[in-house]
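The structure appears right after this line, and notes come after that.
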Amino acid sequence: MNRRKIWETLRPYVMILPAMLAILCFVIYPVFYLLKLSFYKYNLLNKAKSKFVGVDNYEQLFAKDEFYTALTNTVWYTIATVSLTMLIALLLALWINQKKGKKINALLQAGIFTPHIISIVSIALVWMLLMDPNHGILNFLLKLVGLPPSKWLQSSSTSMMSVILVSIWHGVGYYALIILAALKSVPPTIYEAAALDNASRFKTFYKITLPMISPQLFFILIIMTIGSFKVFDTVRIMTGGGPNNSTSTLVYHIYEYRSNNLGYASATGIVLMVIIAILTFVYFRMLSKKIHYQ
Amino acid sequence: MKKSVVGSMLVMVMLLGLVMGCSTNNNQPANDQPAAGASGGEGKTGKTKIQFWHSMGGNNGEYIDKMIKAYNESQDNVEVVGTFQGSYQETLTKLQQAVPANTAPDISMLERAFVPLLAEAEVLADFYPLLESTGMSEEDFLPGLLENVKFNGQLNALPFNRSTPLLHINKTLLDEKNLKVPATWDELEAVANALVVKENGEFKRYGYSMPYASWYPIAMIQQLKGAFFHAEGTGMGFDEEGVQTFEFLKKMQSTGALYYPPAQDSGNIVNSMFASGQIGMMMESTGVIGRHAGVVDFDYVTAYLPMKDQYSSPTGGANLVMFESSKNKEAAWDFMNWVFNDPKGGQQFILDSGYVPFTKKMAESAEMKAQWEKVPARKVAYEQLEHALDTNNDAAFAAVDQIFLKATEAIMYDNADIRSTLDSFKKEAEKLMQE
């Protein structure tokens, strides 16, 4: 009987052990290793030549303009991508959710989701062609309607905007689909009651729709913020962080120093991790009260 | 119930193995993983297997495969296995991971600027005794290509696919305007400006261009008798020379005489614009001669880089290195010796690919002379080696290069103040070099 009791207590731990081991091996261990590396002037080729330098890498990091540029770029990228993607995704979802024109809506739904299933690498390459200042279609169209052409990715004043544009185009369909699913799960009876009370459309949306889909919106907000903070692929392919660091983001900054200065890159990695942890914590604290879980 | 417990136990044991696997220390000797093959050893046929990593894709990749095949067929003792590892930078990254993991190849191609980094980590073999063992010496190689291969009294790398920047010219365009091939900076500026075509406020043709890389500004700094790193290797070797270089470029850029390309894919952009006549002249590597000679529909010629205070051109391309960890140095050397001396070896590769010949014997061979007769553009590259000079030999070059390019971007794309940008670059670079 006693043995049975021990098993009862142990069982949940045994059950989660496999998952925990995997996390330990592939998440916790690398994180601590990263922390260790960040205190070293690490020589990749000859370990014996690595030096413990204490917080030198962090001092170097916080004294570097380039780091602040990368940080500011990342913050702007995140704010723009997250807010615009959410707004456009919400509008698209509301549009598709209409009762009228079902066939066109189905087509639209498939259309906006397609970018999500294409590799971001291909998307970035195609957009690079579209944005070419001399031969690109976008400038051709701009000139056609009498607008001045843009340098797109090749000028530091427009490069970030161009990268953001591509990211939004890529992500919006996927998030619209999540919001659409949320909209469809709102019980119609609530809307019927609101209609009986003569509530205006705006009020219905603001007082009923929005709170009812808030868990999904919150989920998208968290996922997208973290994802945007880690943006890399579009930057790597389309701009290489340039021109003149105008699109250099934190992860790209880490990538740039991966082989020349591993310790410094690790220190940047730790800082990025801390920022994302703080952001996530703040989100949960601030928004948890405003979210309506059914 | 019982079944699932047994199952989860099994999974646990497997995961435990995984954990042990991923915490395995790198310090363990490599002999517990003979299957990896990267550290060489006896092949099935009794031949000694030599691993050779290179960075040659496309046509050049085929030429190098051809060379390896010719060697493997020429004898029965050694089998060389060539592996394409991506670009020079990717090859370096892979080597940086392979060396500590004890899976480094016996021989590798290594971009010349990365040699100091590996030499300083003391992982490269010394070629002096090996050269001696087959009656060769460093005298057999062209001196202009041996600028940064010697460290701490050792010879750590030998030239292979080396290149140098040249002035590539669309002679047809110059002839239309009765312009002479420029030999000095002043002439370059005048000719480039004369070639500019501007319609409706848009440039239809630029005079001159160069890809986005530090190689080209370094050439110009050297032509002003400056150096990238100064000889003692403790700091930067230019001051006013840097300012003058960028002032010259900015002046030309402002009139359309210079087209400075976007950083991404700059080489391709510049070369295709040159081939289509949108650019009259360009400073580019010898490596692109094959892309234009006999292909473009205009009179294509090459010339020395225009001089200022002197002629000077840095060198580029890659060297061959052998790793100290190799267990088959003799066999690996047998292959390299063949590459350096056999007409079917390096010489054939150079003839095929268009890189500059790197041994004296090669440069004097009848085959090479016959090719120069056919494609004079190639001969210019060889002759210019007389003015070859490398002033960027330091283990910190890769790191300094990175911030030099950032300064270049600030100046060329965003009109940053030249002097203050270079000053802050130099401060940061000197810090990197002292580390």
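A note on labels: chains of the structure tokens are A, B, ... as shown, every chain counts residues from 1, and ligands are counted from 1 in their shown order.
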
For this session: Within 9 Å of chain B, which residues of chain A are there when counting only C-alpha atoms? Please give them as number ranges by chain.
Result: A: 14-15, 17-19, 21-22, 24-26, 29, 43-47, 49, 153-156, 237-240, 242-245, 256-261

Exercise. Can you list, as a ChimeraX atom specification, every protein, DNA or RNA residue that comes within 10 Å of Phe84 (chain B) when you count only C-alpha atoms, leaving out same-chain residues fewer than 4 positions away?
Worked result: /B:52-57,61,64-65,91,109

Problem set entry | Which of region 80-210 of chain A fall in alpha helix (DSSP H), as number ranges by chain | A: 80-96, 102-117, 120-130, 137-144, 159-184, 188-196, 201-204, 210

Exercise. Do you know which residues are at most 7 Å from Thr78 (chain A) counting only C-alpha atoms, after dropping those on the same chain fewer than 5 positions away, and could you put them as a list in words?
Worked result: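 Listed by chain and then number, they are Thr225, Ser228 and Phe229 of chain A.
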
For this session: For Ser38 (chain A), work out the shell of residues within 7 Å, counting only C-alpha atoms and skipping chain neighbours fewer than 6 positions away, then give it as a list in words.
Result: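 Surrounding residues, per the criterion: Asn57, Gly263, Tyr264, Ser266 and Ala267 of chain A.
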
Problem set entry | Contact residues around region 86-100 of chain A with only C-alpha atoms at 6 Å, ignoring same-chain residues under 5 positions, as a ChimeraX atom specification | /A:105,172,175-176,180

For this session: Extract, using only C-alpha atoms, all DNA, RNA and protein residues at most 7 Å from region 190-203 of chain B, discarding same-chain residues fewer than 5 positions from it, and format them as number ranges by chain.
Result: B: 179, 182, 208, 256-257, 280

For this session: Can you pull out every residue within 10 Å of Met131 (chain A), counting only C-alpha atoms, but drop anything in the same chain fewer than 2 positions away, and send it as a list in words?
Result: Leu125, Val126, Trp127, Met128, Leu129, Pro133, Asn134, His135, Gly136, Ile137, Leu138, Asn139, Phe140, Ser150, Lys151, Trp152, Leu153, Gln154 and Ser162 of chain A

Problem set entry | Gap from CA of Asp401 (chain B) to CA of Asp186 (chain B) - Å, one decimal | 27.8 Å

For this session: Would you mind telling me which residue in B:Ala293, B:Ala303, B:Ile169, B:Met252 lies nearest to Gly277 (chain B) when using only C-alpha atoms?
Result: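 Among the listed residues, the smallest separation from Gly277 (chain B) belongs to B:Ile169.
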
For this session: Have a look at CA of Pro165 (chain B) and CA of Thr234 (chain B) and let me know their distance in Å, one decimal.
Result: 26.3 Å
